[in-house]
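Student: Input file: structure_25.tsv. Contents: TSV, C-alpha atoms.
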chain	number	residue	atom	x	y	z
A	1	MET	CA	-23.28	23.38	-32.18
A	2	SER	CA	-23.23	27.19	-32.46
A	3	VAL	CA	-20.84	29.54	-30.70
A	4	GLN	CA	-22.02	29.94	-27.14
A	5	PRO	CA	-22.55	33.35	-25.59
A	6	GLU	CA	-21.24	32.23	-22.22
A	7	ALA	CA	-17.71	31.90	-23.59
A	8	ALA	CA	-17.70	35.60	-24.37
A	9	ALA	CA	-19.34	36.40	-21.03
A	10	ARG	CA	-16.67	34.38	-19.23
A	11	ARG	CA	-13.96	36.38	-20.91
A	12	ARG	CA	-15.59	39.56	-19.58
A	13	GLY	CA	-15.60	38.13	-16.03
A	14	ARG	CA	-19.38	37.79	-15.61
A	15	ARG	CA	-20.75	34.46	-14.37
A	16	PRO	CA	-23.00	33.26	-17.17
A	17	ALA	CA	-26.18	31.22	-16.77
A	18	GLY	CA	-24.57	28.32	-18.70
A	19	GLU	CA	-22.00	27.98	-15.94
A	20	ASP	CA	-24.80	27.01	-13.52
A	21	THR	CA	-26.09	24.34	-15.91
A	22	ARG	CA	-22.61	22.95	-16.34
A	23	GLN	CA	-22.11	22.91	-12.58
A	24	ALA	CA	-25.47	21.18	-12.07
A	25	ILE	CA	-24.48	18.46	-14.54
A	26	ILE	CA	-21.16	17.99	-12.73
A	27	THR	CA	-22.93	17.63	-9.39
A	28	VAL	CA	-25.29	15.01	-10.76
A	29	ALA	CA	-22.41	13.22	-12.50
A	30	ARG	CA	-20.52	12.98	-9.21
A	31	SER	CA	-23.40	11.02	-7.64
A	32	GLU	CA	-23.86	8.88	-10.74
A	33	PHE	CA	-20.18	7.89	-10.83
A	34	ALA	CA	-20.28	7.16	-7.10
A	35	ALA	CA	-23.40	5.03	-7.43
A	36	ARG	CA	-22.64	3.18	-10.69
A	37	GLY	CA	-18.87	3.27	-10.97
A	38	TYR	CA	-16.96	4.60	-13.93
A	39	ASP	CA	-17.92	1.83	-16.33
A	40	GLY	CA	-21.62	1.86	-15.39
A	41	THR	CA	-22.14	5.58	-15.87
A	42	THR	CA	-23.31	6.97	-19.22
A	43	LEU	CA	-23.72	10.54	-20.45
A	44	ARG	CA	-27.34	9.68	-21.28
A	45	GLY	CA	-27.96	8.51	-17.70
A	46	VAL	CA	-26.39	11.66	-16.27
A	47	ALA	CA	-28.59	13.80	-18.54
A	48	ARG	CA	-31.70	11.94	-17.41
A	49	ALA	CA	-30.77	12.29	-13.72
A	50	ALA	CA	-30.06	15.99	-14.22
A	51	GLY	CA	-33.32	16.49	-16.12
A	52	VAL	CA	-31.61	17.93	-19.19
A	53	ASP	CA	-31.31	16.86	-22.81
A	54	ALA	CA	-28.39	14.51	-23.53
A	55	ARG	CA	-27.20	16.94	-26.21
A	56	LEU	CA	-26.67	19.56	-23.53
A	57	VAL	CA	-24.33	17.22	-21.62
A	58	HIS	CA	-22.47	16.55	-24.87
A	59	HIS	CA	-22.25	20.28	-25.45
A	60	TYR	CA	-20.38	20.83	-22.20
A	61	PHE	CA	-18.39	17.59	-22.07
A	62	ASP	CA	-16.59	15.85	-24.86
A	63	GLY	CA	-17.36	12.40	-23.44
A	64	LYS	CA	-17.48	10.42	-20.20
A	65	GLU	CA	-13.78	10.82	-19.49
A	66	GLU	CA	-13.99	14.63	-19.60
A	67	LEU	CA	-17.08	14.60	-17.40
A	68	PHE	CA	-15.31	12.40	-14.86
A	69	VAL	CA	-12.26	14.67	-14.84
A	70	ALA	CA	-14.56	17.64	-14.13
A	71	ALA	CA	-16.61	15.76	-11.50
A	72	MET	CA	-13.48	14.65	-9.62
A	73	ASP	CA	-11.77	17.99	-10.13
A	74	LEU	CA	-8.77	16.20	-11.67
A	75	PRO	CA	-6.03	18.45	-12.97
A	76	ALA	CA	-5.65	16.93	-16.44
A	77	ARG	CA	-7.42	14.74	-18.99
A	78	PRO	CA	-5.75	11.40	-19.68
A	79	GLN	CA	-6.70	11.83	-23.33
A	80	GLU	CA	-4.35	14.81	-23.46
A	81	VAL	CA	-1.74	13.44	-21.09
A	82	VAL	CA	-1.25	9.94	-22.50
A	83	PRO	CA	0.21	11.07	-25.85
A	84	LEU	CA	2.69	13.31	-24.01
A	85	ILE	CA	3.79	10.44	-21.76
A	86	LEU	CA	4.07	8.01	-24.66
A	87	GLY	CA	6.03	10.71	-26.47
A	88	PRO	CA	8.32	9.65	-29.28
A	89	GLY	CA	8.40	5.99	-28.18
A	90	PRO	CA	8.99	3.56	-25.33
A	91	ASP	CA	12.39	5.00	-24.36
A	92	GLY	CA	12.00	7.32	-21.40
A	93	VAL	CA	8.32	6.58	-20.88
A	94	GLY	CA	9.01	5.72	-17.21
A	95	GLU	CA	10.70	9.03	-16.57
A	96	ARG	CA	8.00	11.04	-18.39
A	97	LEU	CA	5.26	9.34	-16.39
A	98	VAL	CA	7.03	9.88	-13.06
A	99	ARG	CA	7.69	13.54	-13.85
A	100	PHE	CA	4.08	14.05	-14.91
A	101	PHE	CA	2.80	12.77	-11.55
A	102	PHE	CA	5.17	14.94	-9.56
A	103	ALA	CA	4.05	17.97	-11.59
A	104	VAL	CA	0.41	17.18	-10.75
A	105	TRP	CA	0.84	16.18	-7.10
A	106	ASP	CA	3.61	18.35	-5.71
A	107	PRO	CA	1.79	21.74	-5.77
A	108	PRO	CA	-0.34	22.36	-2.64
A	109	ALA	CA	-3.64	21.94	-4.54
A	110	GLY	CA	-2.37	18.64	-5.93
A	111	ARG	CA	-1.53	17.39	-2.44
A	112	GLU	CA	-5.02	18.20	-1.19
A	113	ARG	CA	-6.57	16.44	-4.15
A	114	ILE	CA	-4.57	13.23	-3.80
A	115	LEU	CA	-5.28	13.10	-0.05
A	116	ALA	CA	-9.00	13.44	-0.71
A	117	LEU	CA	-8.98	10.79	-3.46
A	118	LEU	CA	-7.01	8.25	-1.43
A	119	GLY	CA	-9.10	8.91	1.65
A	120	ALA	CA	-12.30	8.34	-0.31
A	121	ALA	CA	-10.95	5.12	-1.86
A	122	LEU	CA	-10.11	3.69	1.57
A	123	ASN	CA	-13.42	4.60	3.14
A	124	SER	CA	-15.83	3.68	0.40
A	125	PRO	CA	-15.81	0.61	-1.85
A	126	GLU	CA	-17.71	2.67	-4.45
A	127	ALA	CA	-15.03	5.34	-4.55
A	128	ALA	CA	-12.34	2.67	-4.78
A	129	ARG	CA	-14.16	1.02	-7.69
A	130	MET	CA	-14.65	4.32	-9.49
A	131	LEU	CA	-11.00	5.25	-9.15
A	132	ARG	CA	-9.88	1.76	-10.18
A	133	GLU	CA	-12.02	1.69	-13.30
A	134	PHE	CA	-10.97	5.17	-14.34
A	135	LEU	CA	-7.26	4.52	-13.86
A	136	ALA	CA	-7.42	1.13	-15.53
A	137	ARG	CA	-9.43	2.31	-18.50
A	138	GLU	CA	-8.13	5.78	-19.15
A	139	LEU	CA	-4.65	6.29	-17.81
A	140	PHE	CA	-2.31	3.41	-17.02
A	141	GLY	CA	-4.28	0.95	-19.15
A	142	ARG	CA	-4.15	3.18	-22.19
A	143	ILE	CA	-0.40	3.68	-21.81
A	144	ALA	CA	0.31	-0.03	-21.29
A	145	HIS	CA	-1.85	-1.06	-24.24
A	146	SER	CA	-0.19	1.48	-26.53
A	147	LEU	CA	3.24	0.11	-25.64
A	148	GLY	CA	2.18	-3.32	-26.86
A	149	GLY	CA	3.89	-5.57	-24.27
A	150	GLU	CA	2.40	-8.79	-22.94
A	151	GLN	CA	0.00	-8.60	-19.97
A	152	PRO	CA	-0.76	-4.88	-20.38
A	153	GLU	CA	-3.33	-4.86	-17.55
A	154	LEU	CA	-0.91	-6.39	-15.05
A	155	ARG	CA	1.81	-3.94	-16.16
A	156	ALA	CA	-0.61	-1.04	-15.74
A	157	GLY	CA	-1.58	-2.23	-12.25
A	158	LEU	CA	2.05	-2.56	-11.15
A	159	ALA	CA	2.93	0.93	-12.40
A	160	ALA	CA	-0.17	2.32	-10.68
A	161	SER	CA	0.77	0.54	-7.43
A	162	GLN	CA	4.20	2.21	-7.35
A	163	MET	CA	2.82	5.67	-8.12
A	164	VAL	CA	-0.02	5.42	-5.60
A	165	GLY	CA	2.39	4.05	-2.98
A	166	LEU	CA	4.70	6.96	-3.67
A	167	ALA	CA	1.80	9.39	-3.14
A	168	LEU	CA	0.95	7.69	0.14
A	169	ALA	CA	4.55	7.67	1.38
A	170	ARG	CA	5.41	11.23	0.27
A	171	TYR	CA	2.17	13.11	0.97
A	172	VAL	CA	0.19	11.11	3.54
A	173	VAL	CA	2.57	9.15	5.76
A	174	GLN	CA	5.41	11.55	4.91
A	175	VAL	CA	8.31	9.15	5.22
A	176	GLU	CA	11.56	11.13	5.32
A	177	PRO	CA	13.66	11.80	3.33
A	178	LEU	CA	11.17	10.69	0.66
A	179	ALA	CA	8.68	13.38	1.69
A	180	SER	CA	11.10	16.31	1.28
A	181	ALA	CA	13.44	15.01	-1.41
A	182	PRO	CA	13.60	17.14	-4.58
A	183	VAL	CA	11.89	15.61	-7.58
A	184	ASP	CA	15.20	15.37	-9.46
A	185	ASP	CA	16.62	13.14	-6.70
A	186	LEU	CA	13.66	10.77	-6.84
A	187	VAL	CA	13.24	10.40	-10.61
A	188	PRO	CA	16.41	8.29	-11.07
A	189	TRP	CA	15.07	5.79	-8.50
A	190	LEU	CA	11.48	5.59	-9.71
A	191	ALA	CA	11.77	5.95	-13.49
A	192	PRO	CA	13.52	2.57	-14.03
A	193	THR	CA	10.82	0.82	-11.97
A	194	ILE	CA	8.01	2.27	-14.07
A	195	GLN	CA	9.99	1.69	-17.27
A	196	ARG	CA	10.46	-2.00	-16.41
A	197	TYR	CA	6.81	-2.49	-15.45
A	198	LEU	CA	5.52	-0.87	-18.63
A	199	VAL	CA	8.12	-1.86	-21.21
A	200	GLY	CA	10.62	-4.36	-19.73
B	1	MET	CA	11.92	-12.91	36.71
B	2	SER	CA	10.40	-16.13	37.96
B	3	VAL	CA	8.32	-18.57	35.95
B	4	GLN	CA	4.79	-17.19	35.72
B	5	PRO	CA	1.75	-19.26	36.62
B	6	GLU	CA	-0.36	-17.80	33.80
B	7	ALA	CA	1.75	-19.53	31.18
B	8	ALA	CA	0.72	-22.87	32.63
B	9	ALA	CA	-2.87	-21.69	33.04
B	10	ARG	CA	-2.93	-20.61	29.37
B	11	ARG	CA	-1.82	-24.08	28.31
B	12	ARG	CA	-4.76	-25.51	30.23
B	13	GLY	CA	-7.14	-23.12	28.41
B	14	ARG	CA	-8.20	-21.05	31.43
B	15	ARG	CA	-8.04	-17.25	31.13
B	16	PRO	CA	-5.59	-16.18	33.84
B	17	ALA	CA	-5.67	-12.91	35.79
B	18	GLY	CA	-2.34	-11.88	34.26
B	19	GLU	CA	-4.01	-11.87	30.87
B	20	ASP	CA	-6.23	-8.98	32.04
B	21	THR	CA	-3.22	-6.97	33.20
B	22	ARG	CA	-1.44	-7.56	29.92
B	23	GLN	CA	-4.54	-6.51	28.01
B	24	ALA	CA	-4.90	-3.36	30.15
B	25	ILE	CA	-1.30	-2.41	29.37
B	26	ILE	CA	-1.93	-2.96	25.65
B	27	THR	CA	-5.02	-0.72	25.75
B	28	VAL	CA	-3.12	2.07	27.47
B	29	ALA	CA	-0.17	1.63	25.08
B	30	ARG	CA	-2.48	2.04	22.10
B	31	SER	CA	-3.53	5.50	23.31
B	32	GLU	CA	0.02	6.46	24.22
B	33	PHE	CA	1.33	5.54	20.77
B	34	ALA	CA	-1.55	7.42	19.17
B	35	ALA	CA	-0.95	10.51	21.29
B	36	ARG	CA	2.87	10.60	21.29
B	37	GLY	CA	3.89	8.70	18.19
B	38	TYR	CA	6.23	5.73	18.14
B	39	ASP	CA	9.37	7.68	19.00
B	40	GLY	CA	7.75	9.69	21.80
B	41	THR	CA	6.33	6.70	23.67
B	42	THR	CA	8.31	4.99	26.44
B	43	LEU	CA	7.64	1.82	28.44
B	44	ARG	CA	7.98	3.94	31.59
B	45	GLY	CA	5.30	6.37	30.34
B	46	VAL	CA	2.95	3.51	29.46
B	47	ALA	CA	3.45	2.03	32.95
B	48	ARG	CA	2.68	5.38	34.56
B	49	ALA	CA	-0.45	5.87	32.44
B	50	ALA	CA	-1.60	2.32	33.24
B	51	GLY	CA	-0.91	2.81	36.97
B	52	VAL	CA	1.43	-0.18	37.16
B	53	ASP	CA	5.08	-0.66	37.96
B	54	ALA	CA	7.43	-0.30	34.96
B	55	ARG	CA	8.87	-3.73	35.78
B	56	LEU	CA	5.47	-5.24	35.13
B	57	VAL	CA	5.40	-3.78	31.60
B	58	HIS	CA	8.91	-5.14	31.05
B	59	HIS	CA	7.72	-8.50	32.28
B	60	TYR	CA	5.08	-8.76	29.59
B	61	PHE	CA	6.88	-6.97	26.76
B	62	ASP	CA	10.49	-7.30	25.75
B	63	GLY	CA	10.70	-3.63	24.72
B	64	LYS	CA	8.80	-0.89	22.93
B	65	GLU	CA	8.78	-2.70	19.58
B	66	GLU	CA	7.08	-5.77	21.06
B	67	LEU	CA	4.54	-3.58	22.86
B	68	PHE	CA	3.75	-1.76	19.61
B	69	VAL	CA	3.33	-5.03	17.71
B	70	ALA	CA	0.85	-6.17	20.37
B	71	ALA	CA	-0.97	-2.81	20.52
B	72	MET	CA	-1.39	-2.71	16.73
B	73	ASP	CA	-2.14	-6.42	16.52
B	74	LEU	CA	0.65	-6.84	13.98
B	75	PRO	CA	1.32	-10.39	12.87
B	76	ALA	CA	5.07	-10.46	13.39
B	77	ARG	CA	7.90	-8.69	15.20
B	78	PRO	CA	10.39	-6.90	12.95
B	79	GLN	CA	13.12	-8.01	15.34
B	80	GLU	CA	12.39	-11.61	14.35
B	81	VAL	CA	11.52	-10.92	10.72
B	82	VAL	CA	14.45	-8.72	9.72
B	83	PRO	CA	17.14	-11.42	10.14
B	84	LEU	CA	15.06	-13.81	8.03
B	85	ILE	CA	14.68	-11.22	5.26
B	86	LEU	CA	18.35	-10.29	5.35
B	87	GLY	CA	19.08	-14.02	5.23
B	88	PRO	CA	22.48	-15.12	4.04
B	89	GLY	CA	23.25	-11.78	2.34
B	90	PRO	CA	22.06	-9.11	-0.08
B	91	ASP	CA	21.29	-11.55	-2.91
B	92	GLY	CA	17.58	-12.31	-2.99
B	93	VAL	CA	16.68	-9.83	-0.25
B	94	GLY	CA	14.07	-8.24	-2.56
B	95	GLU	CA	12.34	-11.55	-3.17
B	96	ARG	CA	12.41	-12.55	0.51
B	97	LEU	CA	10.88	-9.21	1.53
B	98	VAL	CA	8.15	-9.39	-1.12
B	99	ARG	CA	7.27	-12.98	-0.17
B	100	PHE	CA	7.17	-12.07	3.51
B	101	PHE	CA	4.61	-9.33	2.88
B	102	PHE	CA	2.40	-11.57	0.78
B	103	ALA	CA	2.50	-14.21	3.52
B	104	VAL	CA	1.37	-11.61	6.07
B	105	TRP	CA	-1.22	-9.78	3.96
B	106	ASP	CA	-2.83	-12.41	1.75
B	107	PRO	CA	-4.74	-14.37	4.43
B	108	PRO	CA	-8.17	-12.86	5.25
B	109	ALA	CA	-7.05	-11.62	8.69
B	110	GLY	CA	-4.05	-9.93	7.07
B	111	ARG	CA	-6.30	-8.15	4.59
B	112	GLU	CA	-8.48	-6.79	7.37
B	113	ARG	CA	-5.45	-5.59	9.27
B	114	ILE	CA	-3.85	-3.76	6.34
B	115	LEU	CA	-7.16	-2.09	5.47
B	116	ALA	CA	-7.55	-0.87	9.05
B	117	LEU	CA	-3.96	0.39	9.23
B	118	LEU	CA	-4.10	2.24	5.89
B	119	GLY	CA	-7.52	3.68	6.74
B	120	ALA	CA	-6.24	4.99	10.06
B	121	ALA	CA	-3.12	6.49	8.46
B	122	LEU	CA	-5.21	8.37	5.91
B	123	ASN	CA	-7.71	9.68	8.43
B	124	SER	CA	-5.46	10.69	11.27
B	125	PRO	CA	-2.11	12.46	11.11
B	126	GLU	CA	-1.22	10.84	14.44
B	127	ALA	CA	-1.79	7.34	13.08
B	128	ALA	CA	0.21	8.21	9.96
B	129	ARG	CA	3.08	9.46	12.11
B	130	MET	CA	3.00	6.38	14.34
B	131	LEU	CA	3.07	4.03	11.36
B	132	ARG	CA	5.80	6.02	9.65
B	133	GLU	CA	8.06	6.07	12.68
B	134	PHE	CA	7.57	2.38	13.33
B	135	LEU	CA	8.27	1.35	9.73
B	136	ALA	CA	11.23	3.67	9.40
B	137	ARG	CA	12.80	2.66	12.69
B	138	GLU	CA	12.05	-1.03	12.96
B	139	LEU	CA	11.40	-2.61	9.61
B	140	PHE	CA	12.57	-1.05	6.36
B	141	GLY	CA	15.11	1.18	8.09
B	142	ARG	CA	16.73	-1.72	9.88
B	143	ILE	CA	16.97	-3.73	6.67
B	144	ALA	CA	18.38	-0.84	4.64
B	145	HIS	CA	20.93	0.06	7.31
B	146	SER	CA	22.08	-3.56	7.60
B	147	LEU	CA	22.68	-3.74	3.86
B	148	GLY	CA	25.09	-0.82	4.12
B	149	GLY	CA	24.26	1.08	0.90
B	150	GLU	CA	24.29	4.86	0.61
B	151	GLN	CA	21.14	6.80	1.59
B	152	PRO	CA	19.59	3.95	3.62
B	153	GLU	CA	16.61	6.06	4.74
B	154	LEU	CA	15.69	6.99	1.18
B	155	ARG	CA	16.09	3.36	0.08
B	156	ALA	CA	13.86	2.23	2.94
B	157	GLY	CA	11.22	4.81	2.01
B	158	LEU	CA	11.19	3.76	-1.64
B	159	ALA	CA	10.83	0.07	-0.78
B	160	ALA	CA	8.06	0.92	1.67
B	161	SER	CA	6.28	3.01	-0.99
B	162	GLN	CA	6.18	0.08	-3.42
B	163	MET	CA	4.93	-2.38	-0.79
B	164	VAL	CA	2.28	-0.02	0.58
B	165	GLY	CA	1.18	0.84	-2.96
B	166	LEU	CA	0.90	-2.85	-3.72
B	167	ALA	CA	-1.29	-3.34	-0.64
B	168	LEU	CA	-3.50	-0.48	-1.74
B	169	ALA	CA	-3.80	-1.72	-5.33
B	170	ARG	CA	-4.30	-5.42	-4.46
B	171	TYR	CA	-6.46	-5.23	-1.32
B	172	VAL	CA	-8.16	-1.81	-1.29
B	173	VAL	CA	-8.65	-0.58	-4.84
B	174	GLN	CA	-8.43	-4.17	-6.17
B	175	VAL	CA	-6.97	-3.42	-9.57
B	176	GLU	CA	-7.26	-6.51	-11.76
B	177	PRO	CA	-5.42	-8.69	-12.58
B	178	LEU	CA	-3.15	-7.50	-9.75
B	179	ALA	CA	-5.82	-8.22	-7.13
B	180	SER	CA	-6.29	-11.88	-8.09
B	181	ALA	CA	-2.87	-12.79	-9.48
B	182	PRO	CA	-1.11	-15.65	-7.68
B	183	VAL	CA	1.82	-14.58	-5.54
B	184	ASP	CA	4.26	-16.52	-7.73
B	185	ASP	CA	3.22	-14.45	-10.76
B	186	LEU	CA	3.80	-11.16	-8.94
B	187	VAL	CA	7.12	-11.90	-7.24
B	188	PRO	CA	9.20	-11.78	-10.47
B	189	TRP	CA	7.85	-8.28	-11.14
B	190	LEU	CA	8.20	-6.84	-7.66
B	191	ALA	CA	11.35	-8.50	-6.31
B	192	PRO	CA	13.76	-6.70	-8.71
B	193	THR	CA	12.21	-3.35	-7.76
B	194	ILE	CA	12.75	-3.93	-4.05
B	195	GLN	CA	16.19	-5.42	-4.70
B	196	ARG	CA	17.27	-2.31	-6.64
B	197	TYR	CA	15.87	0.10	-4.05
B	198	LEU	CA	17.59	-1.69	-1.16
B	199	VAL	CA	20.82	-2.91	-2.71
B	200	GLY	CA	21.26	-1.49	-6.26
Take the structure in the file and give it back as structure tokens.

Tutor:
Amino acid sequence: MSVQPEAAARRRGRRPAGEDTRQAIITVARSEFAARGYDGTTLRGVARAAGVDARLVHHYFDGKEELFVAAMDLPARPQEVVPLILGPGPDGVGERLVRFFFAVWDPPAGRERILALLGAALNSPEAARMLREFLARELFGRIAHSLGGEQPELRAGLAASQMVGLALARYVVQVEPLASAPVDDLVPWLAPTIQRYLVG
Amino acid sequence: MSVQPEAAARRRGRRPAGEDTRQAIITVARSEFAARGYDGTTLRGVARAAGVDARLVHHYFDGKEELFVAAMDLPARPQEVVPLILGPGPDGVGERLVRFFFAVWDPPAGRERILALLGAALNSPEAARMLREFLARELFGRIAHSLGGEQPELRAGLAASQMVGLALARYVVQVEPLASAPVDDLVPWLAPTIQRYLVG
């Protein structure tokens, strides 16, 4: 793959033609994920639906996970985040995971995003399935498998249930004082829960 | 308050006139709770909106909590449930609470109810507020206050976040194996979390 001119154009502030192609692929991918779920979607299928060569999709996206992150407008790629959460070893993995979620969710844009995602999951079985498969495969599942305990899928599900419940209580239902409590006051409560689910 | 004829009629299987009045009060209460939240609704206000005497509302419902339980079609009254969960003392309160929720949610009717409640809370700030005030005041709040630890409201919110997250993961998003795991396999994971939040 050669150096692409749009990278240089982007740096100069112009909107390059490649940006439209990328955006078109993302739009198609969003429907494909919604229709087929995370597991059922392939880069080849997205390329076909978008009417472009599969190599073009691969040029813009380093794999299905990156395409999903772009399609859902997620703030970070699990592939990059998981090693940071796993860090030097199992000690402190609960705290690192809890702090990562607060860093993603607490800013206003993060709040909007989590509200939209949870709302979609409750109103559409397809959205729920997509979210479930992505979280299981790419985020919590990867962490739980790396830690090597028994029943990694169950551990991943339990950790996900606490973090999603926290999002619901803090950002949607806004239970006080949970909704306004500083992150540093909440971490000592939540980190041991996640640590026990993942490692204990 | 004298013995009411509709109780006898109900035992004989006929639908008594009083049943219509009760149902009318419930319908009005549902709108009042939605419009004013749990804290802002009064039995007097519901009576006024329904065009009946306040004593009639008191005749059918033993207080605001019972009216809310009827209006939301909840399966149990916190007033009756809380003493059972508190039981003989703080030991085992986490396990009793977790088992109570599974007993309420796991049957098909319970699943439908929790999906409807969570859906409403995500789609309407009023429904979220109503649910939040009810849970804080009547269920988790009452339990946490009775146990006498520091920061009872925060403890109540954390326990609620885990149980709501569990409902979302097991019934809505259906993360496996969490969605299909037998209750007895899940209790040993969840009970210590709730125990620590409420008592630890």

Student: Measuring atom to atom with all atoms listed in the file, identify which of A:Glu65, A:Asp73, A:Glu32, A:Glu153 is nearest to Ala181 of chain B.

Tutor: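 When distances to Ala181 of chain B are compared using all atoms listed in the file, the smallest one comes from A:Glu153.
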
Student: Which chain B residues are at most 6 Å from chain A (counting all atoms listed in the file), as number ranges by chain?

Tutor: B: 119, 122, 128, 132, 154, 161-162, 164-166, 169, 173, 175, 177-178

Student: Using C-alpha atoms, can you export the residues from the last selection as a JSON list (two decimals), in the coordinates of the input?

Tutor:
[["chain", "number", "residue", "atom", "x", "y", "z"],
["B", 119, "GLY", "CA", -7.52, 3.68, 6.74],
["B", 122, "LEU", "CA", -5.21, 8.37, 5.91],
["B", 128, "ALA", "CA", 0.21, 8.21, 9.96],
["B", 132, "ARG", "CA", 5.80, 6.02, 9.65],
["B", 154, "LEU", "CA", 15.69, 6.99, 1.18],
["B", 161, "SER", "CA", 6.28, 3.01, -0.99],
["B", 162, "GLN", "CA", 6.18, 0.08, -3.42],
["B", 164, "VAL", "CA", 2.28, -0.02, 0.58],
["B", 165, "GLY", "CA", 1.18, 0.84, -2.96],
["B", 166, "LEU", "CA", 0.90, -2.85, -3.72],
["B", 169, "ALA", "CA", -3.80, -1.72, -5.33],
["B", 173, "VAL", "CA", -8.65, -0.58, -4.84],
["B", 175, "VAL", "CA", -6.97, -3.42, -9.57],
["B", 177, "PRO", "CA", -5.42, -8.69, -12.58],
["B", 178, "LEU", "CA", -3.15, -7.50, -9.75]]

Student: Got a sec: who's within 10 Å of Thr27 of chain B, counting all atoms listed in the file, leaving out chain neighbours fewer than 3 positions off, as an mmCIF file with C-alpha atoms, keeping the file's coordinate frame?

Tutor:
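As a result, result-v7.cif now contains:
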data_model
loop_
_atom_site.group_PDB
_atom_site.id
_atom_site.type_symbol
_atom_site.label_atom_id
_atom_site.label_comp_id
_atom_site.auth_asym_id
_atom_site.auth_seq_id
_atom_site.Cartn_x
_atom_site.Cartn_y
_atom_site.Cartn_z
ATOM 1 C CA THR B 21 -3.220 -6.970 33.200
ATOM 2 C CA ARG B 22 -1.440 -7.560 29.920
ATOM 3 C CA GLN B 23 -4.540 -6.510 28.010
ATOM 4 C CA ALA B 24 -4.900 -3.360 30.150
ATOM 5 C CA ARG B 30 -2.480 2.040 22.100
ATOM 6 C CA SER B 31 -3.530 5.500 23.310
ATOM 7 C CA GLU B 32 0.020 6.460 24.220
ATOM 8 C CA VAL B 46 2.950 3.510 29.460
ATOM 9 C CA ALA B 50 -1.600 2.320 33.240
ATOM 10 C CA ALA B 70 0.850 -6.170 20.370
ATOM 11 C CA ALA B 71 -0.970 -2.810 20.520
ATOM 12 C CA MET B 72 -1.390 -2.710 16.730
#

Student: I'd like the neighbourhood of Leu139 of chain A as an mmCIF file with C-alpha atoms, in the frame of the given file, where a residue qualifies if any of its atoms comes within 9 Å (using only C-alpha atoms), though same-chain residues fewer than 3 positions away should be ignored.

Tutor:
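For reference, around06.cif as written:
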data_model
loop_
_atom_site.group_PDB
_atom_site.id
_atom_site.type_symbol
_atom_site.label_atom_id
_atom_site.label_comp_id
_atom_site.auth_asym_id
_atom_site.auth_seq_id
_atom_site.Cartn_x
_atom_site.Cartn_y
_atom_site.Cartn_z
ATOM 1 C CA ARG A 77 -7.420 14.740 -18.990
ATOM 2 C CA PRO A 78 -5.750 11.400 -19.680
ATOM 3 C CA GLN A 79 -6.700 11.830 -23.330
ATOM 4 C CA VAL A 81 -1.740 13.440 -21.090
ATOM 5 C CA VAL A 82 -1.250 9.940 -22.500
ATOM 6 C CA PHE A 134 -10.970 5.170 -14.340
ATOM 7 C CA LEU A 135 -7.260 4.520 -13.860
ATOM 8 C CA ALA A 136 -7.420 1.130 -15.530
ATOM 9 C CA ARG A 142 -4.150 3.180 -22.190
ATOM 10 C CA ILE A 143 -0.400 3.680 -21.810
ATOM 11 C CA ALA A 144 0.310 -0.030 -21.290
ATOM 12 C CA ALA A 156 -0.610 -1.040 -15.740
#

Student: With 6 Å on each side, where is the centre of the axis-aligned box around all listed atoms of segment 121-129 of chain A, and how long are its edges in Å to one decimal, as lines of an AutoDock Vina configuration file?

Tutor:
center_x = -13.9
center_y = 3.0
center_z = -2.3
size_x = 19.6
size_y = 16.7
size_z = 22.8

Student: Give me the residues near Asp184 of chain A as a list in words, where near means some atom within 12 Å (using all atoms listed in the file) and where sequence neighbours in that chain fewer than 4 positions away do not count.

Tutor: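 So, after excluding close chain neighbours, the residues are Glu95, Val98, Arg99, Phe102, Ala103, Leu178, Ser180, Pro188, Trp189, Leu190 and Ala191 of chain A.
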